[in-house]
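File shown here: structure03.csv, holding CSV, C-alpha atoms and all ligand atoms.
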chain,number,residue,atom,x,y,z
A,1,MET,CA,-41.2,-92.8,230.6
A,2,TYR,CA,-41.5,-89.3,232.1
A,3,MET,CA,-39.0,-88.7,235.0
A,4,LYS,CA,-39.5,-85.7,237.3
A,5,PRO,CA,-36.3,-83.7,237.3
A,6,LYS,CA,-34.5,-83.1,240.7
A,7,VAL,CA,-33.8,-79.5,241.7
A,8,LYS,CA,-30.1,-80.1,241.8
A,9,ASP,CA,-30.4,-81.2,238.2
A,10,ILE,CA,-32.6,-78.2,237.2
A,11,PHE,CA,-30.0,-75.4,237.8
A,12,LYS,CA,-26.5,-75.4,236.5
A,13,ARG,CA,-23.8,-72.9,237.3
A,14,GLY,CA,-24.0,-69.9,235.0
A,15,GLU,CA,-27.6,-70.4,234.2
A,16,THR,CA,-30.3,-67.7,234.4
A,17,ALA,CA,-33.7,-68.4,236.0
A,18,VAL,CA,-36.7,-66.2,235.8
A,19,PHE,CA,-39.4,-66.3,238.5
A,20,LYS,CA,-42.8,-64.9,237.6
A,21,LEU,CA,-44.9,-64.0,240.6
A,22,GLY,CA,-48.6,-63.3,240.4
A,23,SER,CA,-50.3,-60.5,242.5
A,24,SER,CA,-51.8,-63.0,244.9
A,25,LEU,CA,-48.4,-64.1,246.0
A,26,ILE,CA,-47.4,-60.5,246.9
A,27,ALA,CA,-50.6,-59.1,248.4
A,28,GLY,CA,-53.0,-61.5,250.2
A,29,GLU,CA,-56.3,-60.9,252.1
A,30,ASP,CA,-54.3,-60.1,255.2
A,31,GLY,CA,-51.9,-57.6,253.5
A,32,VAL,CA,-48.4,-57.9,252.1
A,33,ARG,CA,-47.0,-61.4,252.1
A,34,THR,CA,-43.5,-60.5,253.4
A,35,ASP,CA,-42.8,-64.0,254.7
A,36,TRP,CA,-43.3,-65.5,251.3
A,37,ILE,CA,-41.1,-62.9,249.6
A,38,ASP,CA,-38.5,-63.6,252.4
A,39,SER,CA,-38.6,-67.4,251.6
A,40,LEU,CA,-38.0,-66.6,247.9
A,41,ALA,CA,-35.1,-64.3,248.8
A,42,GLU,CA,-33.6,-67.2,250.8
A,43,GLU,CA,-33.9,-69.5,247.8
A,44,CYS,CA,-32.4,-66.8,245.5
A,45,LYS,CA,-29.5,-66.5,247.9
A,46,GLU,CA,-28.9,-70.2,247.7
A,47,LEU,CA,-29.1,-70.1,243.9
A,48,ILE,CA,-26.7,-67.1,243.7
A,49,SER,CA,-24.2,-69.0,245.9
A,50,ARG,CA,-24.4,-71.9,243.3
A,51,GLY,CA,-23.6,-69.5,240.4
A,52,VAL,CA,-27.2,-69.2,239.1
A,53,LYS,CA,-28.6,-65.7,238.2
A,54,PRO,CA,-32.2,-65.1,239.4
A,55,VAL,CA,-34.5,-62.6,237.7
A,56,ILE,CA,-37.9,-61.7,239.1
A,57,VAL,CA,-41.0,-60.6,237.2
A,58,SER,CA,-43.4,-59.5,239.8
A,59,SER,CA,-47.0,-58.3,239.5
A,60,GLY,CA,-48.7,-56.7,242.5
A,61,ALA,CA,-48.3,-53.0,241.8
A,62,ILE,CA,-52.0,-52.4,241.3
A,63,ALA,CA,-52.9,-54.7,244.2
A,64,LEU,CA,-50.6,-52.9,246.6
A,65,GLY,CA,-51.7,-49.5,245.3
A,66,ARG,CA,-55.4,-50.4,245.9
A,67,GLY,CA,-54.5,-51.1,249.5
A,68,ILE,CA,-52.5,-47.9,250.0
A,69,LEU,CA,-55.2,-45.8,248.4
A,70,GLY,CA,-58.0,-47.6,250.2
A,71,LEU,CA,-59.7,-48.6,247.0
A,72,GLY,CA,-60.7,-52.1,248.1
A,73,ASN,CA,-62.0,-54.4,245.4
A,74,LYS,CA,-64.1,-51.8,243.5
A,75,THR,CA,-64.0,-51.6,239.8
A,76,LEU,CA,-61.4,-49.1,238.6
A,77,THR,CA,-61.1,-47.1,235.3
A,78,LEU,CA,-57.9,-47.6,233.3
A,79,ALA,CA,-56.6,-44.3,234.6
A,80,GLN,CA,-57.4,-45.3,238.2
A,81,LYS,CA,-55.6,-48.6,237.7
A,82,GLN,CA,-52.6,-46.8,236.3
A,83,ALA,CA,-52.7,-44.4,239.3
A,84,ALA,CA,-52.9,-47.4,241.7
A,85,SER,CA,-50.0,-49.0,239.9
A,86,ALA,CA,-47.9,-45.8,240.1
A,87,VAL,CA,-48.5,-45.8,243.9
A,88,GLY,CA,-48.0,-49.5,244.4
A,89,GLN,CA,-44.9,-50.0,242.2
A,90,VAL,CA,-42.9,-47.9,244.6
A,91,SER,CA,-43.9,-50.2,247.5
A,92,LEU,CA,-43.3,-53.3,245.4
A,93,SER,CA,-39.8,-52.3,244.5
A,94,SER,CA,-39.0,-51.2,248.0
A,95,LEU,CA,-40.4,-54.5,249.4
A,96,PHE,CA,-38.0,-56.5,247.3
A,97,GLN,CA,-35.1,-54.1,248.0
A,98,THR,CA,-35.6,-54.2,251.8
A,99,ILE,CA,-36.1,-58.0,252.0
A,100,PHE,CA,-33.3,-58.9,249.6
A,101,ASN,CA,-30.9,-56.4,251.0
A,102,ILE,CA,-31.1,-58.0,254.4
A,103,LYS,CA,-29.8,-61.1,252.7
A,104,LYS,CA,-27.0,-59.1,251.0
A,105,ILE,CA,-28.7,-59.3,247.6
A,106,LYS,CA,-28.9,-56.1,245.5
A,107,THR,CA,-32.1,-55.5,243.5
A,108,ALA,CA,-33.0,-53.2,240.6
A,109,GLN,CA,-36.3,-52.0,239.3
A,110,VAL,CA,-36.9,-52.5,235.5
A,111,LEU,CA,-40.2,-51.4,234.0
A,112,LEU,CA,-40.7,-52.7,230.5
A,113,THR,CA,-43.3,-51.8,227.9
A,114,ARG,CA,-44.4,-53.9,224.9
A,115,PHE,CA,-42.3,-51.5,222.8
A,116,THR,CA,-39.1,-51.9,224.7
A,117,ALA,CA,-39.5,-55.7,224.8
A,118,ASP,CA,-40.1,-56.0,221.0
A,119,PRO,CA,-37.0,-57.0,219.0
A,120,GLN,CA,-38.5,-55.1,216.0
A,121,ASN,CA,-37.7,-51.9,217.9
A,122,LYS,CA,-34.0,-52.6,217.7
A,123,GLU,CA,-32.4,-49.8,219.7
A,124,ALA,CA,-34.9,-49.9,222.6
A,125,TYR,CA,-34.8,-53.7,222.8
A,126,GLN,CA,-31.1,-53.9,222.6
A,127,ASN,CA,-30.8,-51.2,225.4
A,128,ALA,CA,-33.2,-53.1,227.7
A,129,VAL,CA,-31.3,-56.4,226.9
A,130,ASN,CA,-27.9,-54.7,227.7
A,131,THR,CA,-29.2,-53.1,230.9
A,132,MET,CA,-30.4,-56.5,232.2
A,133,SER,CA,-27.2,-58.2,231.1
A,134,VAL,CA,-25.1,-55.7,233.0
A,135,LEU,CA,-27.2,-56.0,236.1
A,136,LEU,CA,-26.9,-59.8,236.1
A,137,ASP,CA,-23.2,-59.6,235.5
A,138,MET,CA,-22.9,-57.3,238.6
A,139,GLY,CA,-24.8,-59.8,240.7
A,140,VAL,CA,-28.0,-57.6,240.9
A,141,VAL,CA,-31.4,-59.3,240.8
A,142,PRO,CA,-33.7,-57.3,238.4
A,143,VAL,CA,-37.3,-57.0,239.7
A,144,ILE,CA,-39.3,-56.4,236.5
A,145,ASN,CA,-42.9,-55.3,235.9
A,146,GLU,CA,-44.8,-53.8,233.0
A,147,ASN,CA,-44.7,-50.0,233.0
A,148,ASP,CA,-48.5,-49.8,233.6
A,149,VAL,CA,-48.7,-46.0,233.5
A,150,VAL,CA,-47.7,-45.7,229.9
A,151,ALA,CA,-49.4,-49.0,228.7
A,152,THR,CA,-52.7,-48.5,226.9
A,153,GLU,CA,-55.2,-51.2,226.0
A,154,GLU,CA,-53.6,-51.5,222.6
A,155,ILE,CA,-49.9,-51.7,223.6
A,156,LYS,CA,-49.9,-53.5,226.9
A,157,PHE,CA,-48.8,-57.0,227.7
A,158,GLY,CA,-51.7,-57.1,230.1
A,159,ASP,CA,-50.5,-60.2,231.8
A,160,ASN,CA,-47.2,-61.0,233.4
A,161,ASP,CA,-47.2,-64.7,232.1
A,162,ARG,CA,-46.3,-63.4,228.7
A,163,LEU,CA,-44.0,-60.7,230.2
A,164,GLY,CA,-42.2,-63.5,232.0
A,165,ALA,CA,-41.6,-65.3,228.7
A,166,VAL,CA,-40.4,-62.1,227.0
A,167,VAL,CA,-38.0,-61.5,229.9
A,168,ALA,CA,-36.8,-65.1,229.7
A,169,ARG,CA,-36.1,-64.5,226.1
A,170,MET,CA,-34.4,-61.1,226.7
A,171,THR,CA,-32.1,-62.4,229.4
A,172,GLY,CA,-31.4,-65.6,227.4
A,173,ALA,CA,-32.7,-67.5,230.4
A,174,ASP,CA,-32.6,-71.2,230.8
A,175,ILE,CA,-35.7,-71.6,232.8
A,176,LEU,CA,-38.9,-69.7,233.6
A,177,PHE,CA,-41.1,-70.5,236.6
A,178,LEU,CA,-44.7,-69.4,236.6
A,179,PHE,CA,-45.7,-69.4,240.2
A,180,SER,CA,-49.4,-69.6,240.0
A,181,ASP,CA,-52.6,-70.4,241.9
A,182,ILE,CA,-52.9,-73.6,240.0
A,183,ASP,CA,-50.5,-76.6,240.1
A,184,GLY,CA,-50.1,-76.9,236.3
A,185,LEU,CA,-52.0,-77.6,233.1
A,186,TYR,CA,-55.1,-79.9,232.7
A,187,ASP,CA,-56.8,-81.0,229.6
A,188,LYS,CA,-60.0,-79.4,230.9
A,189,ASP,CA,-60.8,-76.9,233.6
A,190,PRO,CA,-60.3,-79.0,236.8
A,191,LYS,CA,-62.7,-76.8,238.8
A,192,THR,CA,-65.7,-77.8,236.6
A,193,ASN,CA,-64.6,-81.2,235.2
A,194,LYS,CA,-63.9,-84.0,237.7
A,195,ASP,CA,-62.3,-86.1,235.0
A,196,ALA,CA,-59.8,-83.4,234.0
A,197,LYS,CA,-56.4,-85.0,233.3
A,198,PHE,CA,-53.2,-83.4,234.6
A,199,ILE,CA,-50.5,-82.8,232.0
A,200,PRO,CA,-47.0,-83.2,233.6
A,201,LEU,CA,-44.9,-82.6,230.5
A,202,ILE,CA,-45.2,-80.6,227.2
A,203,THR,CA,-42.4,-80.7,224.6
A,204,GLU,CA,-44.3,-79.1,221.8
A,205,ILE,CA,-47.5,-77.0,221.5
A,206,THR,CA,-49.7,-79.3,219.4
A,207,PRO,CA,-52.9,-78.1,217.9
A,208,GLU,CA,-54.7,-80.1,220.6
A,209,ILE,CA,-53.0,-78.1,223.4
A,210,GLU,CA,-53.8,-74.8,221.7
A,211,ALA,CA,-57.5,-75.9,221.2
A,212,MET,CA,-57.6,-77.0,224.9
A,213,ALA,CA,-56.7,-73.5,226.1
A,214,GLU,CA,-59.1,-71.8,223.7
A,215,SER,CA,-62.1,-74.0,224.5
A,216,SER,CA,-61.9,-73.3,228.3
A,217,LYS,CA,-65.1,-71.6,229.2
A,218,ASN,CA,-64.2,-70.0,232.6
A,219,PRO,CA,-62.9,-66.6,231.7
A,220,LEU,CA,-60.5,-66.6,234.6
A,221,ALA,CA,-59.2,-70.1,234.0
A,222,ALA,CA,-59.2,-69.4,230.2
A,223,GLY,CA,-57.2,-66.3,230.7
A,224,GLY,CA,-54.8,-68.1,233.0
A,225,MET,CA,-54.5,-71.1,230.7
A,226,VAL,CA,-54.3,-69.2,227.4
A,227,THR,CA,-51.5,-66.9,228.6
A,228,LYS,CA,-49.6,-69.8,230.2
A,229,ILE,CA,-49.7,-71.8,227.0
A,230,ILE,CA,-48.6,-68.7,225.0
A,231,ALA,CA,-45.8,-68.2,227.5
A,232,GLY,CA,-44.9,-71.9,227.1
A,233,LYS,CA,-44.9,-71.7,223.4
A,234,MET,CA,-42.6,-68.7,223.4
A,235,CYS,CA,-40.2,-70.5,225.8
A,236,LEU,CA,-40.1,-73.7,223.8
A,237,GLU,CA,-39.4,-71.6,220.6
A,238,ALA,CA,-36.6,-69.8,222.4
A,239,GLY,CA,-35.2,-73.1,223.7
A,240,CYS,CA,-35.9,-72.2,227.3
A,241,LYS,CA,-37.6,-74.6,229.9
A,242,MET,CA,-40.7,-73.5,231.7
A,243,VAL,CA,-42.4,-74.8,234.8
A,244,ILE,CA,-46.0,-74.0,236.0
A,245,MET,CA,-46.5,-74.7,239.7
A,246,HIS,CA,-48.5,-73.7,242.6
A,247,GLY,CA,-46.5,-70.9,244.1
A,248,LYS,CA,-48.4,-69.6,247.2
A,249,ALA,CA,-46.7,-71.7,249.9
A,250,GLN,CA,-43.3,-70.6,251.1
A,251,TYR,CA,-40.0,-72.0,249.7
A,252,PRO,CA,-41.4,-73.0,246.3
A,253,LEU,CA,-38.2,-74.4,245.0
A,254,ALA,CA,-37.7,-76.7,248.0
A,255,ARG,CA,-41.3,-77.9,247.4
A,256,LEU,CA,-40.4,-78.7,243.8
A,257,ALA,CA,-37.4,-80.6,245.0
A,258,ASP,CA,-39.7,-82.5,247.4
A,259,GLY,CA,-41.7,-83.7,244.4
A,260,GLU,CA,-44.6,-81.2,244.3
A,261,ARG,CA,-46.7,-81.6,241.2
A,262,CYS,CA,-46.1,-79.2,238.4
A,263,THR,CA,-46.2,-79.0,234.6
A,264,TRP,CA,-42.9,-78.9,232.7
A,265,PHE,CA,-42.3,-77.4,229.2
A,266,ILE,CA,-39.1,-78.8,227.9
A,267,PRO,CA,-37.7,-77.8,224.5
A,268,SER,CA,-36.4,-80.6,222.3
A,269,SER,CA,-33.3,-78.6,221.4
A,270,PRO,CA,-31.9,-75.9,223.8
A,271,ARG,CA,-30.4,-72.9,221.9
A,272,PRO,CA,-27.4,-70.7,222.6
A,273,LYS,CA,-28.0,-67.8,225.0
A,274,ARG,CA,-27.6,-64.9,222.4
A,275,GLU,CA,-29.8,-66.7,219.9
A,276,ARG,CA,-32.4,-67.3,222.7
A,277,ALA,CA,-32.4,-63.5,223.4
A,278,GLY,CA,-33.1,-62.9,219.7
A,279,LEU,CA,-29.6,-61.4,219.1
A,280,PRO,CA,-27.3,-62.2,216.3
A,281,ARG,CA,-24.3,-64.5,217.0
A,282,ARG,CA,-21.1,-62.5,218.0
A,283,SER,CA,-19.4,-63.1,214.7
A,284,GLU,CA,-22.5,-61.9,212.8
A,285,ALA,CA,-22.9,-58.9,215.1
A,286,LYS,CA,-19.3,-57.9,214.4
A,287,ALA,CA,-19.7,-58.3,210.7
A,288,GLY,CA,-22.9,-56.1,210.8
B,1,LIG,N1,-48.6,-55.1,236.0
B,1,LIG,C1,-49.7,-55.4,236.9
B,1,LIG,C2,-49.4,-55.1,238.3
B,1,LIG,O1,-48.3,-55.0,238.7
B,1,LIG,C3,-50.0,-56.9,236.8
B,1,LIG,C4,-50.4,-57.6,235.5
B,1,LIG,C5,-50.5,-59.1,235.8
B,1,LIG,O2,-50.6,-59.6,236.9
B,1,LIG,O3,-50.5,-59.9,234.8
B,1,LIG,O4,-50.3,-55.0,239.1
What would you get if you wrote out this structure as structure tokens?
Amino acid sequence: MYMKPKVKDIFKRGETAVFKLGSSLIAGEDGVRTDWIDSLAEECKELISRGVKPVIVSSGAIALGRGILGLGNKTLTLAQKQAASAVGQVSLSSLFQTIFNIKKIKTAQVLLTRFTADPQNKEAYQNAVNTMSVLLDMGVVPVINENDVVATEEIKFGDNDRLGAVVARMTGADILFLFSDIDGLYDKDPKTNKDAKFIPLITEITPEIEAMAESSKNPLAAGGMVTKIIAGKMCLEAGCKMVIMHGKAQYPLARLADGERCTWFIPSSPRPKRERAGLPRRSEAKAG
């Protein structure tokens, strides 16, 4: 029988937890959602005091840049989006820095590209992994986003669900949270299908689950679902847990502890940290 894990059982001392935040969590209709970021900072502080290392993957650069530049919701060219991101990323980093610093937590900005996050590009990948590892050892919370300015259509992640899973892999994380505008996975789009069934637990990506994502007709839901399933698959392969939950209300982890509905991805066999990060074992690294 499926048993919902308790928050105190989710995090163990020494573990790394990645939180992926969508743009709508950062910038709402009424402006920047500082209260929400403050509630996350409070929860990160609590985690740090229990020996857990938080990592943040945050979208919102383009959304914040649109606001600052007065671009509203109008359709932007790629270069305009990149310009909005360049403007907004400064605010995004400074928001986290200001709010987390008040709670005595240091933050760092890390902008990744698909190149630097690809283990095939050994040196760049290893440098990015080392930088994040040193930051975490120094008790700094990395705030990560894609480097939108240099990302082109061909070489971008394009969505931060996958970037979240890549970061979870690079940091050898134990758990990835996708804070979303949906409470988890359904077998059909719940907005258009009244009989859509909620899926509380996934331990392997079966062909049915893959087909489920692909068959979703709503482009937004499909995008959301496909990228979340890809992220889940990457996490399961890396031996990392993943949670998809509604993230818009404040204190998301407290709500999880209170039994809020979510979908868990739980690997059947967790793997050692270095292996999770795609790095050779220490003995092999020395030999090589
Ligand atoms: N990098 C984009 C931004 O910060 C967001 C991409 C995404 O949300 O998936 O605006």
Near-ligand residues for ligand LIG 1 (chain B), threshold 9 Å, only C-alpha atoms and all ligand atoms, as a ChimeraX atom specification: /A:21-24,58-65,81-82,84-85,88-89,92,145-148,157-163
Point-to-point distance in Å for atom CA of A:Val55 and atom CA of A:Val18: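 We find that atom CA of A:Val18 and atom CA of A:Val55 lie 4.6 Å from each other.
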Nearest residue to A:Phe177 from the set A:Lys20, A:Glu208, A:Phe198, A:Gly31 (distances using all atoms listed in the file):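 For A:Phe177, the nearest of the candidates is A:Lys20.
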Shortest interatomic distance to A:Gly164 - which of A:Met225, A:Leu176, A:Val243, A:Ile230, counting all atoms listed in the file: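 When distances to A:Gly164 are compared using all atoms listed in the file, the smallest one comes from A:Leu176.
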Selection: 8 Å around A:Ala117, only C-alpha atoms, excl. self and same-chain fewer than 6 positions, as a count of residues only: 6
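From atom CA of A:Lys104 back to atom CA of A:Gly247, the distance works out to 23.8 Å.
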Point (-48.5, -73.6, 238.3) neighbourhood (12 Å, only C-alpha atoms) written as a PyMOL selection string: chain A and resi 19-22+161+176-186+198-200+224-225+228-229+232+242-249+252+256+260-265
Just to be explicit: take each residue in the selection above, keep C-alpha atoms, and write the result as a JSON list (two decimals), keeping the file's coordinate frame.
[["chain", "number", "residue", "atom", "x", "y", "z"],
["A", 19, "PHE", "CA", -39.40, -66.30, 238.50],
["A", 20, "LYS", "CA", -42.80, -64.90, 237.60],
["A", 21, "LEU", "CA", -44.90, -64.00, 240.60],
["A", 22, "GLY", "CA", -48.60, -63.30, 240.40],
["A", 161, "ASP", "CA", -47.20, -64.70, 232.10],
["A", 176, "LEU", "CA", -38.90, -69.70, 233.60],
["A", 177, "PHE", "CA", -41.10, -70.50, 236.60],
["A", 178, "LEU", "CA", -44.70, -69.40, 236.60],
["A", 179, "PHE", "CA", -45.70, -69.40, 240.20],
["A", 180, "SER", "CA", -49.40, -69.60, 240.00],
["A", 181, "ASP", "CA", -52.60, -70.40, 241.90],
["A", 182, "ILE", "CA", -52.90, -73.60, 240.00],
["A", 183, "ASP", "CA", -50.50, -76.60, 240.10],
["A", 184, "GLY", "CA", -50.10, -76.90, 236.30],
["A", 185, "LEU", "CA", -52.00, -77.60, 233.10],
["A", 186, "TYR", "CA", -55.10, -79.90, 232.70],
["A", 198, "PHE", "CA", -53.20, -83.40, 234.60],
["A", 199, "ILE", "CA", -50.50, -82.80, 232.00],
["A", 200, "PRO", "CA", -47.00, -83.20, 233.60],
["A", 224, "GLY", "CA", -54.80, -68.10, 233.00],
["A", 225, "MET", "CA", -54.50, -71.10, 230.70],
["A", 228, "LYS", "CA", -49.60, -69.80, 230.20],
["A", 229, "ILE", "CA", -49.70, -71.80, 227.00],
["A", 232, "GLY", "CA", -44.90, -71.90, 227.10],
["A", 242, "MET", "CA", -40.70, -73.50, 231.70],
["A", 243, "VAL", "CA", -42.40, -74.80, 234.80],
["A", 244, "ILE", "CA", -46.00, -74.00, 236.00],
["A", 245, "MET", "CA", -46.50, -74.70, 239.70],
["A", 246, "HIS", "CA", -48.50, -73.70, 242.60],
["A", 247, "GLY", "CA", -46.50, -70.90, 244.10],
["A", 248, "LYS", "CA", -48.40, -69.60, 247.20],
["A", 249, "ALA", "CA", -46.70, -71.70, 249.90],
["A", 252, "PRO", "CA", -41.40, -73.00, 246.30],
["A", 256, "LEU", "CA", -40.40, -78.70, 243.80],
["A", 260, "GLU", "CA", -44.60, -81.20, 244.30],
["A", 261, "ARG", "CA", -46.70, -81.60, 241.20],
["A", 262, "CYS", "CA", -46.10, -79.20, 238.40],
["A", 263, "THR", "CA", -46.20, -79.00, 234.60],
["A", 264, "TRP", "CA", -42.90, -78.90, 232.70],
["A", 265, "PHE", "CA", -42.30, -77.40, 229.20]]
For atom CA of A:Val150 and atom CA of A:Ala41, the interatomic separation in Å (one decimal): 29.4 Å
